[in-house]
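Engineer: What follows is the file my_file13.txt, containing compact mmCIF, C-alpha atoms and all ligand atoms:
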# COMPACT_ATOMS: atom_id res chain seq x y z
CA MET G 177 9.18 -9.13 44.25
CA PHE G 178 5.48 -9.86 44.60
CA GLU G 179 3.34 -8.18 47.17
CA ILE G 180 -0.19 -8.93 48.03
CA LEU G 181 -2.22 -5.87 47.12
CA THR G 182 -5.12 -4.60 49.12
CA ARG G 183 -8.40 -4.45 47.22
CA ARG G 184 -8.08 -0.66 46.97
CA GLN G 185 -4.54 -0.83 45.63
CA ALA G 186 -5.56 -3.44 43.10
CA LEU G 187 -8.45 -1.31 41.84
CA GLY G 188 -6.14 1.71 41.61
CA ALA G 189 -3.59 -0.23 39.61
CA PHE G 190 -6.31 -1.46 37.30
CA ALA G 191 -7.58 2.09 36.73
CA VAL G 192 -4.08 3.28 35.84
CA ALA G 193 -3.59 0.37 33.45
CA ALA G 194 -6.94 1.12 31.80
CA CYS G 195 -6.02 4.79 31.34
CA VAL G 196 -2.71 3.87 29.78
CA LEU G 197 -4.25 1.27 27.52
CA THR G 198 -7.20 3.22 26.14
CA PRO G 199 -5.33 5.62 23.84
CA VAL G 200 -3.04 2.84 22.62
CA ALA G 201 -5.69 0.35 21.57
CA VAL G 202 -7.06 1.81 18.33
CA ARG G 203 -10.53 0.78 17.25
CA ALA G 204 -10.79 -0.53 13.67
CA GLU G 205 -12.97 2.40 12.60
CA ASP G 206 -10.27 4.81 13.76
CA VAL G 207 -7.73 3.34 11.35
CA VAL G 208 -7.54 4.70 7.81
CA LYS G 209 -5.61 2.58 5.34
CA ILE G 210 -3.94 3.80 2.19
CA GLY G 211 -2.59 1.27 -0.30
CA VAL G 212 0.59 2.33 -2.09
CA ILE G 213 1.21 0.35 -5.28
CA VAL G 214 4.63 0.91 -6.85
CA PRO G 215 7.30 -1.05 -8.71
CA MET G 216 9.84 -2.14 -6.08
CA THR G 217 11.47 -4.77 -8.29
CA GLY G 218 12.10 -4.79 -12.04
CA PRO G 219 13.43 -1.97 -14.25
CA SER G 220 11.53 0.81 -12.40
CA ALA G 221 12.42 -0.42 -8.90
CA SER G 222 14.14 2.84 -7.97
CA THR G 223 10.82 4.68 -8.41
CA GLY G 224 9.14 2.43 -5.84
CA ARG G 225 12.05 2.62 -3.42
CA GLU G 226 12.15 6.42 -3.59
CA ILE G 227 8.40 6.73 -3.00
CA GLU G 228 8.44 4.21 -0.15
CA ALA G 229 11.36 5.98 1.55
CA ALA G 230 9.65 9.36 1.23
CA ILE G 231 6.33 8.12 2.63
CA LYS G 232 8.10 6.48 5.57
CA LEU G 233 9.99 9.72 6.20
CA PHE G 234 6.73 11.70 6.07
CA GLN G 235 5.15 9.47 8.72
CA ALA G 236 8.31 9.50 10.86
CA GLN G 237 8.25 13.31 10.80
CA LYS G 238 4.53 14.04 11.08
CA GLY G 239 3.33 11.03 13.02
CA ASP G 240 0.64 8.58 11.96
CA LYS G 241 -2.45 10.66 12.87
CA ALA G 242 -4.56 12.82 10.58
CA GLY G 243 -8.13 14.06 11.09
CA GLY G 244 -8.23 12.13 14.37
CA LYS G 245 -7.51 8.83 12.59
CA LYS G 246 -4.49 6.56 12.59
CA VAL G 247 -3.11 6.35 9.06
CA GLU G 248 -1.78 2.94 8.09
CA VAL G 249 0.17 2.57 4.83
CA ILE G 250 0.19 -0.76 3.00
CA PHE G 251 2.98 -1.04 0.39
CA LYS G 252 2.56 -3.38 -2.60
CA ASP G 253 5.06 -4.20 -5.35
CA ASP G 254 3.46 -4.43 -8.81
CA THR G 255 6.88 -5.05 -10.45
CA GLY G 256 5.85 -2.53 -13.12
CA VAL G 257 3.23 -4.83 -14.70
CA ALA G 258 -0.23 -3.28 -15.26
CA ASP G 259 -2.23 -6.50 -14.71
CA ILE G 260 -0.59 -6.86 -11.30
CA THR G 261 -1.31 -3.21 -10.45
CA LYS G 262 -4.98 -3.77 -11.21
CA ARG G 263 -5.20 -6.99 -9.17
CA LEU G 264 -3.42 -5.39 -6.21
CA ALA G 265 -5.74 -2.37 -6.36
CA GLN G 266 -8.76 -4.71 -6.31
CA GLU G 267 -7.37 -6.68 -3.35
CA LEU G 268 -6.61 -3.51 -1.41
CA VAL G 269 -10.20 -2.33 -1.91
CA VAL G 270 -11.96 -5.65 -1.24
CA ASN G 271 -9.75 -7.22 1.46
CA ASP G 272 -8.08 -4.28 3.18
CA HIS G 273 -10.88 -1.71 2.76
CA VAL G 274 -8.38 1.04 1.93
CA ALA G 275 -9.65 4.63 1.88
CA ALA G 276 -7.32 5.50 -1.03
CA ILE G 277 -4.87 3.97 -3.45
CA ALA G 278 -1.62 5.72 -4.35
CA GLY G 279 1.76 5.35 -6.04
CA PHE G 280 1.76 4.27 -9.75
CA GLY G 281 5.28 4.31 -11.14
CA LEU G 282 4.40 4.30 -14.83
CA THR G 283 1.54 5.61 -16.95
CA PRO G 284 0.06 2.20 -17.91
CA LEU G 285 -0.02 1.29 -14.20
CA ALA G 286 -1.87 4.48 -13.21
CA LEU G 287 -4.38 3.88 -16.01
CA ALA G 288 -4.90 0.23 -15.03
CA ALA G 289 -6.01 1.26 -11.53
CA ALA G 290 -8.33 4.07 -12.69
CA PRO G 291 -11.50 1.92 -13.14
CA ILE G 292 -11.00 0.46 -9.65
CA ALA G 293 -10.84 3.96 -8.11
CA THR G 294 -13.98 4.93 -10.01
CA GLN G 295 -15.93 1.82 -8.96
CA ALA G 296 -14.78 1.95 -5.33
CA LYS G 297 -15.23 5.75 -5.25
CA ILE G 298 -11.89 6.26 -3.50
CA PRO G 299 -9.05 8.68 -4.33
CA GLU G 300 -6.22 7.48 -6.57
CA ILE G 301 -3.19 9.64 -5.78
CA VAL G 302 -0.75 9.46 -8.68
CA MET G 303 2.72 10.03 -7.22
CA ALA G 304 4.93 9.24 -10.23
CA ALA G 305 3.34 8.78 -13.66
CA GLY G 306 3.31 11.83 -15.95
CA THR G 307 1.13 11.45 -19.06
CA SER G 308 -1.37 14.33 -19.22
CA ILE G 309 -4.40 12.13 -19.94
CA ILE G 310 -4.14 10.19 -16.63
CA THR G 311 -6.26 12.56 -14.53
CA GLU G 312 -9.05 12.26 -17.08
CA ALA G 313 -9.24 8.47 -16.63
CA SER G 314 -11.21 8.85 -13.37
CA PRO G 315 -12.79 11.75 -11.43
CA PHE G 316 -11.10 10.22 -8.36
CA ILE G 317 -7.54 10.72 -9.66
CA VAL G 318 -5.43 13.48 -8.12
CA ARG G 319 -1.79 13.92 -9.13
CA THR G 320 1.22 15.00 -7.04
CA SER G 321 3.95 14.17 -9.58
CA PHE G 322 4.08 16.27 -12.78
CA THR G 323 3.20 16.04 -16.44
CA LEU G 324 5.77 15.75 -19.20
CA ALA G 325 4.24 18.66 -21.08
CA GLN G 326 4.53 20.77 -17.92
CA ASP G 327 8.28 20.18 -17.69
CA THR G 328 8.94 20.26 -21.45
CA VAL G 329 7.31 23.52 -22.60
CA PRO G 330 9.62 25.69 -20.42
CA LEU G 331 12.65 23.86 -21.85
CA ALA G 332 11.47 24.48 -25.42
CA ASP G 333 11.13 28.17 -24.51
CA TRP G 334 14.66 28.14 -23.11
CA ALA G 335 15.92 26.52 -26.34
CA LEU G 336 14.25 29.16 -28.52
CA ASN G 337 15.68 31.95 -26.34
CA ASN G 338 19.15 30.46 -26.62
CA GLY G 339 19.62 30.35 -30.34
CA ILE G 340 18.45 26.78 -30.93
CA LYS G 341 16.61 26.61 -34.26
CA LYS G 342 16.97 23.05 -35.58
CA VAL G 343 16.15 20.15 -33.32
CA VAL G 344 15.83 16.38 -33.26
CA THR G 345 13.77 14.66 -30.55
CA LEU G 346 14.35 11.16 -29.13
CA VAL G 347 11.86 9.82 -26.57
CA ALA G 348 10.71 6.54 -25.02
CA ASP G 349 7.87 5.27 -27.19
CA TYR G 350 4.87 5.40 -24.83
CA GLY G 351 2.51 7.94 -23.20
CA PRO G 352 4.90 10.33 -21.43
CA GLY G 353 7.48 10.19 -24.25
CA ILE G 354 4.86 11.02 -26.84
CA ASP G 355 3.57 13.88 -24.64
CA ALA G 356 7.12 15.23 -24.25
CA GLU G 357 7.78 14.99 -27.99
CA LYS G 358 4.50 16.70 -28.85
CA ALA G 359 5.00 19.53 -26.37
CA PHE G 360 8.57 20.16 -27.53
CA VAL G 361 7.82 19.93 -31.26
CA GLU G 362 4.74 22.20 -31.09
CA LYS G 363 6.55 24.87 -29.10
CA ILE G 364 9.67 24.82 -31.31
CA LYS G 365 7.59 25.07 -34.48
CA ALA G 366 5.43 27.85 -33.04
CA GLY G 367 8.63 29.73 -32.19
CA GLY G 368 9.87 29.53 -35.77
CA GLY G 369 12.22 26.57 -35.23
CA GLN G 370 12.59 23.47 -37.33
CA VAL G 371 12.15 19.83 -36.28
CA LEU G 372 14.45 17.66 -38.40
CA ASP G 373 13.17 14.35 -37.05
CA SER G 374 11.26 12.83 -34.13
CA LEU G 375 12.66 9.46 -33.05
CA ARG G 376 11.08 7.00 -30.61
CA ALA G 377 12.95 4.18 -28.86
CA PRO G 378 11.08 1.19 -27.41
CA LEU G 379 10.34 1.41 -23.67
CA LYS G 380 11.52 -2.14 -22.94
CA ASN G 381 15.22 -3.02 -23.36
CA PRO G 382 15.95 0.04 -25.49
CA GLU G 383 19.00 0.15 -27.74
CA PHE G 384 19.64 3.86 -28.21
CA ALA G 385 22.72 3.68 -30.46
CA PRO G 386 21.02 3.65 -33.90
CA PHE G 387 18.73 6.55 -32.91
CA LEU G 388 21.62 8.59 -31.54
CA GLN G 389 23.65 8.01 -34.69
CA LYS G 390 20.73 9.13 -36.83
CA ALA G 391 20.29 12.25 -34.68
CA LYS G 392 23.99 13.05 -35.02
CA ASP G 393 23.94 12.65 -38.80
CA LEU G 394 21.10 15.19 -39.06
CA LYS G 395 23.35 17.87 -37.43
CA PRO G 396 20.70 19.71 -35.38
CA ASP G 397 21.49 22.59 -33.02
CA ALA G 398 20.07 20.46 -30.22
CA LEU G 399 18.94 16.92 -29.47
CA PHE G 400 16.02 16.74 -27.02
CA LEU G 401 15.70 13.58 -24.88
CA PHE G 402 13.15 11.91 -22.62
CA VAL G 403 13.37 8.47 -21.01
CA PRO G 404 11.66 7.47 -17.75
CA SER G 405 13.40 7.50 -14.40
CA GLY G 406 15.84 4.60 -14.20
CA GLN G 407 16.92 4.65 -17.87
CA GLY G 408 18.89 7.90 -17.87
CA ALA G 409 22.29 6.44 -17.00
CA GLN G 410 22.17 3.93 -19.83
CA LEU G 411 21.04 6.57 -22.32
CA MET G 412 23.66 9.11 -21.24
CA LYS G 413 26.45 6.53 -21.48
CA GLN G 414 25.57 6.03 -25.14
CA VAL G 415 25.19 9.78 -25.65
CA ALA G 416 28.71 10.31 -24.23
CA GLU G 417 30.17 7.81 -26.70
CA ARG G 418 28.92 9.92 -29.61
CA GLU G 419 30.54 13.20 -28.48
CA PHE G 420 27.76 15.48 -29.70
CA ALA G 421 29.58 18.55 -28.36
CA LYS G 422 32.32 18.08 -30.98
CA ASP G 423 29.68 18.68 -33.68
CA ASN G 424 28.24 21.65 -31.74
CA ILE G 425 25.08 19.70 -30.97
CA LYS G 426 23.62 20.55 -27.56
CA VAL G 427 21.98 17.68 -25.69
CA ILE G 428 19.00 18.83 -23.62
CA ALA G 429 16.37 16.80 -21.75
CA THR G 430 13.64 16.64 -19.17
CA GLY G 431 15.02 16.03 -15.69
CA ASP G 432 13.93 12.39 -15.88
CA VAL G 433 17.18 11.81 -17.83
CA THR G 434 19.55 13.47 -15.33
CA ASP G 435 17.60 11.86 -12.51
CA ASP G 436 19.18 12.72 -9.14
CA GLU G 437 19.03 9.06 -8.20
CA GLN G 438 21.50 8.15 -10.99
CA LEU G 439 23.17 11.46 -11.85
CA ASN G 440 26.19 11.14 -9.63
CA GLY G 441 27.23 7.93 -11.40
CA MET G 442 26.98 9.43 -14.89
CA GLY G 443 30.43 11.02 -14.84
CA ASP G 444 31.84 14.25 -16.23
CA SER G 445 30.32 13.82 -19.71
CA VAL G 446 27.01 15.19 -18.39
CA LEU G 447 28.60 18.37 -16.95
CA GLY G 448 26.86 21.45 -18.32
CA MET G 449 23.81 19.57 -19.60
CA ILE G 450 20.61 21.65 -19.53
CA THR G 451 17.37 20.07 -18.35
CA SER G 452 13.99 21.16 -16.96
CA MET G 453 12.13 19.63 -14.03
CA MET G 454 9.94 20.39 -11.05
CA TYR G 455 12.49 19.14 -8.51
CA SER G 456 16.22 18.94 -7.94
CA THR G 457 17.92 17.53 -4.83
CA ALA G 458 19.93 20.77 -4.97
CA HIS G 459 16.82 23.02 -4.86
CA ASN G 460 17.88 25.95 -2.71
CA SER G 461 15.25 26.47 -0.01
CA PRO G 462 15.15 25.93 3.75
CA GLU G 463 12.31 23.40 3.29
CA ASN G 464 14.36 21.37 0.84
CA LYS G 465 17.56 21.49 2.85
CA ALA G 466 15.70 20.06 5.84
CA PHE G 467 13.98 17.47 3.64
CA VAL G 468 17.19 16.26 1.96
CA ALA G 469 19.06 16.09 5.28
CA ALA G 470 16.29 14.03 6.90
CA PHE G 471 15.88 11.78 3.84
CA GLU G 472 19.61 11.06 3.58
CA LYS G 473 19.87 10.47 7.32
CA ALA G 474 17.10 7.86 7.13
CA ASN G 475 18.43 6.40 3.84
CA PRO G 476 22.22 6.86 3.83
CA THR G 477 22.75 5.27 0.40
CA MET G 478 19.98 7.24 -1.36
CA ARG G 479 19.39 10.73 -2.69
CA PRO G 480 15.80 11.98 -2.91
CA ASN G 481 14.77 12.41 -6.56
CA PHE G 482 11.57 13.82 -8.11
CA MET G 483 9.77 10.52 -7.45
CA ALA G 484 10.42 10.90 -3.72
CA LEU G 485 8.68 14.29 -3.89
CA GLY G 486 5.62 12.79 -5.56
CA GLY G 487 5.37 10.35 -2.64
CA TYR G 488 6.09 12.89 0.10
CA ASP G 489 3.62 15.45 -1.23
CA GLY G 490 1.04 12.77 -2.03
CA MET G 491 1.10 11.76 1.61
CA ALA G 492 0.91 15.42 2.70
CA LEU G 493 -2.17 15.78 0.48
CA PHE G 494 -3.85 12.70 1.95
CA TYR G 495 -3.20 13.90 5.52
CA ALA G 496 -4.45 17.43 4.74
CA ALA G 497 -7.61 16.03 3.12
CA LEU G 498 -8.31 13.85 6.16
CA GLU G 499 -7.82 16.87 8.42
CA LYS G 500 -10.26 18.87 6.30
CA THR G 501 -12.96 16.15 6.35
CA LYS G 502 -12.28 15.66 10.09
CA GLY G 503 -11.50 12.02 9.48
CA ASP G 504 -14.46 11.32 7.16
CA THR G 505 -13.14 8.80 4.62
CA ASP G 506 -15.92 9.19 2.05
CA GLY G 507 -13.94 9.15 -1.21
CA ALA G 508 -15.82 11.96 -2.93
CA LYS G 509 -15.40 14.17 0.16
CA LEU G 510 -11.67 13.41 0.26
CA VAL G 511 -11.22 14.29 -3.43
CA ASP G 512 -13.24 17.49 -2.91
CA ALA G 513 -11.02 18.39 0.02
CA MET G 514 -7.93 17.89 -2.15
CA LYS G 515 -9.15 20.24 -4.90
CA GLY G 516 -7.52 23.64 -4.56
CA MET G 517 -5.26 22.52 -1.72
CA ALA G 518 -2.05 24.60 -1.71
CA TRP G 519 1.09 24.17 0.36
CA MET G 520 4.86 24.64 0.49
CA SER G 521 6.72 21.53 -0.64
CA PRO G 522 10.47 20.95 -0.59
CA ARG G 523 10.21 21.46 -4.39
CA GLY G 524 8.63 24.93 -3.97
CA PRO G 525 5.02 26.16 -3.72
CA ILE G 526 2.47 23.68 -5.14
CA SER G 527 -1.31 23.37 -5.43
CA ILE G 528 -3.95 21.04 -6.82
CA ASP G 529 -5.85 22.59 -9.73
CA PRO G 530 -9.51 22.35 -8.63
CA GLN G 531 -10.70 21.89 -12.23
CA THR G 532 -8.26 19.24 -13.45
CA ARG G 533 -7.01 17.68 -10.16
CA ASP G 534 -3.51 18.02 -11.60
CA ILE G 535 -0.59 19.64 -9.82
CA VAL G 536 0.38 23.28 -10.41
CA GLN G 537 4.06 23.92 -9.67
CA ASN G 538 7.25 25.77 -10.55
CA VAL G 539 9.39 24.33 -13.33
CA TYR G 540 13.11 24.96 -13.07
CA ILE G 541 15.74 25.14 -15.82
CA ARG G 542 18.91 23.50 -14.50
CA LYS G 543 22.50 22.80 -15.45
CA VAL G 544 24.57 19.81 -14.31
CA GLU G 545 27.44 21.02 -12.13
CA ARG G 546 29.87 19.51 -9.68
CA ARG G 547 29.41 20.75 -6.12
CA ASP G 548 31.42 19.35 -3.19
CA GLY G 549 32.61 16.55 -5.46
CA GLN G 550 29.07 15.48 -6.41
CA LEU G 551 27.04 16.02 -9.57
CA TYR G 552 23.84 18.03 -9.14
CA ASN G 553 21.18 19.66 -11.28
CA ILE G 554 21.69 23.32 -10.36
CA GLU G 555 18.60 25.45 -10.97
CA PHE G 556 19.21 28.82 -12.65
CA GLU G 557 15.78 29.86 -13.95
CA THR G 558 12.29 29.44 -12.48
CA VAL G 559 9.04 29.38 -14.42
CA PRO G 560 6.44 29.87 -11.68
CA ALA G 561 3.11 28.08 -11.15
CA VAL G 562 2.99 26.05 -14.37
CA LYS G 563 -0.28 24.20 -15.10
CA ASP G 564 -0.39 21.12 -17.31
CA PRO G 565 -0.28 22.80 -20.74
CA VAL G 566 -2.28 20.04 -22.44
CA LYS G 567 -5.31 20.60 -20.19
CA ALA G 568 -4.83 24.36 -20.25
CA ALA G 569 -4.99 24.24 -24.08
CA LYS G 570 -8.14 22.07 -23.99
CA ALA G 571 -9.81 24.45 -21.53
CA GLY G 572 -8.93 27.39 -23.78
CA LYS G 573 -10.67 25.86 -26.78
C1 LIG K 601 6.63 8.12 -16.30
C2 LIG K 601 6.96 9.44 -16.59
C3 LIG K 601 7.53 7.30 -15.61
C4 LIG K 601 8.21 9.94 -16.19
C5 LIG K 601 8.76 7.82 -15.22
O1 LIG K 601 9.69 7.11 -14.55
C6 LIG K 601 9.10 9.14 -15.53
C7 LIG K 601 5.35 7.55 -16.76
C8 LIG K 601 9.45 5.79 -14.12
O2 LIG K 601 4.36 8.31 -16.81
O3 LIG K 601 5.32 6.35 -17.08
O4 LIG K 601 10.32 9.60 -15.17
For this file, write the structure as structure tokens.
Structural biologist:
Amino acid sequence: MFEILTRRQALGAFAVAACVLTPVAVRAEDVVKIGVIVPMTGPSASTGREIEAAIKLFQAQKGDKAGGKKVEVIFKDDTGVADITKRLAQELVVNDHVAAIAGFGLTPLALAAAPIATQAKIPEIVMAAGTSIITEASPFIVRTSFTLAQDTVPLADWALNNGIKKVVTLVADYGPGIDAEKAFVEKIKAGGGQVLDSLRAPLKNPEFAPFLQKAKDLKPDALFLFVPSGQGAQLMKQVAEREFAKDNIKVIATGDVTDDEQLNGMGDSVLGMITSMMYSTAHNSPENKAFVAAFEKANPTMRPNFMALGGYDGMALFYAALEKTKGDTDGAKLVDAMKGMAWMSPRGPISIDPQTRDIVQNVYIRKVERRDGQLYNIEFETVPAVKDPVKAAKAGK
């Protein structure tokens, strides 16, 4: 029903409306945009979906404000193609005026964006890719994922301590695979072990069978594996067909292979498999239990894997940096704020190495077990506060 308002009533109503409206209407300069470029289609689509889900969860939990600014996330699908990553990064800088770019599902994609971050002088938060060299491609790169060497060296130590002397390695033939191979081979040799062969399978449409047969024929104590997230199920199916256990050959890997996102579908043949990684869905901490419960509630068909953590913690880092600069989006100031930042993640305690801008974190040795009818990577040993060994070795020289 309409009533005719007195002049005083009308003014009062207007004042109330103005009060209500002011905090809602956000001025353009109070909005900070971050462009997240990930593969959401193509062979690495699960990496993009995990990161997107984790970032959305972070904002649902913590709100969209940091350092007095409203944080707006723009998601872009690069389909896993480096030229597209680069073009999207350029568009995000030029058209959307983003304060940072983030994501990067594969090493070549992270590297393709590096010159854009350098030119635009904005942070590039690497949430997935794991080749050591990446952080050296731009002073604006900060990493919240992991490096392959970081996860691999503790596994090589475990192998040496568990009677493994002769090994064969099989990795995906590109940056992170070569890093994993190098880290494993160097450590095994330094520990008095023997490397019978180092095999590399193509990254695209890999056919693992001939490599696995060759590895089996060499009769090592252990076969070490790395393939990127998304390829583990296919690899482990072919591993199962060869029944390595019958020849007393242990199959060990980085956690990329027994990826939580695919693990449950791999079947009983992976039971007992030993891997190393910086995150397991089954990580036993109150922070992780709360994280997994919230993630699975928001995404009932998904399990958070290590990629989700890269996204979640990358967002935490961006928020914390904005808080520290009090909303100043100057890229160099944001990167400076990120250096040395330390916090408790669902994966355990983490920090950003102020010298290298790489992540320092625990690495866990795990065993695949069935719990409540589901397959999980159950952690049984913790190597605390591991730095990227490649950069640590360079610094020591
Ligand atoms: C990379 C490393 C990608 C580890 C991954 O999954 C992974 C990379 C997509 O640096 O390309 O599990």
Engineer: List all protein, DNA and RNA residues that have at least one atom no more than 6 Å from any atom of ligand LIG 601 (chain K), counting all atoms listed in the file, and write them as a ChimeraX atom specification.
Structural biologist: /G:220,223,281-283,305-307,352,404-405,432
Engineer: Looking at G:Gly369, G:Glu417, G:Thr501, G:Leu324, which one is nearest to Leu401 in chain G, with distances taken over all atoms listed in the file?
Structural biologist: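 Ranked by minimum distance to Leu401 in chain G, first place goes to G:Leu324.
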Engineer: Excluding Ala348 in chain G and residues on its chain fewer than 5 positions from it, collect all residues at most 9 Å away from it, counting all atoms listed in the file, and give them as a PyMOL selection string.
Structural biologist: chain G and resi 353-354+375-380+382+401-404
Engineer: How many Å lie between CA of Ala571 in chain G and CA of Val302 in chain G, rounded to one decimal?
Structural biologist: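 About the pair CA of Ala571 in chain G and CA of Val302 in chain G: they are 21.7 Å apart.
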Engineer: Pick the closest to Lys238 in chain G from G:Gly224, G:Asp534, G:Ala492, G:Gly443: which is it, counting only C-alpha atoms?
Structural biologist: G:Ala492
Engineer: Using only C-alpha atoms, can you tell me which of G:Ser521, G:Asn553, G:Gln370, G:Thr323 comes closest to Gly431 in chain G?
Structural biologist: G:Asn553
Engineer: Do you know which residues are at most 8 Å from Val544 in chain G counting all atoms listed in the file, after dropping those on the same chain fewer than 4 positions away, and could you put them as a tab-separated table (two decimals) with C-alpha atoms, keeping the file's coordinate frame?
Structural biologist:
chain	number	residue	atom	x	y	z
G	446	VAL	CA	27.01	15.19	-18.39
G	447	LEU	CA	28.60	18.37	-16.95
G	448	GLY	CA	26.86	21.45	-18.32
G	449	MET	CA	23.81	19.57	-19.60
G	450	ILE	CA	20.61	21.65	-19.53
G	551	LEU	CA	27.04	16.02	-9.57
G	552	TYR	CA	23.84	18.03	-9.14
G	553	ASN	CA	21.18	19.66	-11.28
G	554	ILE	CA	21.69	23.32	-10.36
Engineer: Using all atoms listed in the file, pick whichever of G:Ala288, G:Asp349, G:Trp334, G:Asn271 has the shortest atom-to-atom distance to Ala258 in chain G.
Structural biologist: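 Nearest candidate to Ala258 in chain G out of G:Ala288, G:Asp349, G:Trp334, G:Asn271: G:Ala288.
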Engineer: Return the padded bounding box of range 311-328 of chain G as lines of an AutoDock Vina configuration file: axis-aligned, built from all atoms listed in the file, 5 Å added on each side, with centre and edge lengths in Å to one decimal.
Structural biologist:
center_x = -1.9
center_y = 14.6
center_z = -14.2
size_x = 31.7
size_y = 22.3
size_z = 24.4
Engineer: Find, counting only C-alpha atoms, the residue in G:Ala332, G:Leu346, G:Ala391, G:Val415 that gets nearest to Gly367 in chain G.
Structural biologist: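 Of the candidates, the smallest distance to Gly367 in chain G is held by G:Ala332.
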Engineer: Could you check the closest approach to Glu463 in chain G for each of G:Val249, G:Leu498, G:Met520, G:Ala204 and tell me which residue wins, using all atoms listed in the file?
Structural biologist: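 That would be G:Met520, the residue with the smallest distance to Glu463 in chain G.
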Engineer: To one decimal place, how far is CA of Arg319 in chain G from CA of Thr345 in chain G in Å?
Structural biologist: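 That distance, rounded to one decimal, is 26.5 Å.
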Engineer: Please provide the set of residues having any atom within 7 Å of Lys246 in chain G, restricted to all atoms listed in the file, with same-chain residues fewer than 3 positions apart removed, written as number ranges by chain.
Structural biologist: G: 206-208, 240-242
Engineer: Name the residues within 6 Å of (0.7, 26.3, -14.0), counting only C-alpha atoms in the file's coordinates, and put them as number ranges by chain.
Structural biologist: G: 536-537, 561-563
Engineer: With C-alpha atoms retained, write the just-selected residues as a PDB file, in the frame of the given file.
Structural biologist:
ATOM      1  CA  VAL G 536       0.380  23.280 -10.410  1.00  0.00           C
ATOM      2  CA  GLN G 537       4.060  23.920  -9.670  1.00  0.00           C
ATOM      3  CA  ALA G 561       3.110  28.080 -11.150  1.00  0.00           C
ATOM      4  CA  VAL G 562       2.990  26.050 -14.370  1.00  0.00           C
ATOM      5  CA  LYS G 563      -0.280  24.200 -15.100  1.00  0.00           C
TER       6      LYS G 563
END
Engineer: List the residues sitting within 10 Å of (-12.1, 20.0, -0.8) in the file's frame, using all atoms listed in the file, as an mmCIF file with C-alpha atoms, in the coordinates of the input.
Structural biologist:
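Saved result, selection_14.cif, follows:
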data_model
loop_
_atom_site.group_PDB
_atom_site.id
_atom_site.type_symbol
_atom_site.label_atom_id
_atom_site.label_comp_id
_atom_site.auth_asym_id
_atom_site.auth_seq_id
_atom_site.Cartn_x
_atom_site.Cartn_y
_atom_site.Cartn_z
ATOM 1 C CA ALA G 496 -4.450 17.430 4.740
ATOM 2 C CA ALA G 497 -7.610 16.030 3.120
ATOM 3 C CA LYS G 500 -10.260 18.870 6.300
ATOM 4 C CA THR G 501 -12.960 16.150 6.350
ATOM 5 C CA ALA G 508 -15.820 11.960 -2.930
ATOM 6 C CA LYS G 509 -15.400 14.170 0.160
ATOM 7 C CA LEU G 510 -11.670 13.410 0.260
ATOM 8 C CA VAL G 511 -11.220 14.290 -3.430
ATOM 9 C CA ASP G 512 -13.240 17.490 -2.910
ATOM 10 C CA ALA G 513 -11.020 18.390 0.020
ATOM 11 C CA MET G 514 -7.930 17.890 -2.150
ATOM 12 C CA LYS G 515 -9.150 20.240 -4.900
ATOM 13 C CA GLY G 516 -7.520 23.640 -4.560
ATOM 14 C CA MET G 517 -5.260 22.520 -1.720
ATOM 15 C CA PRO G 530 -9.510 22.350 -8.630
#
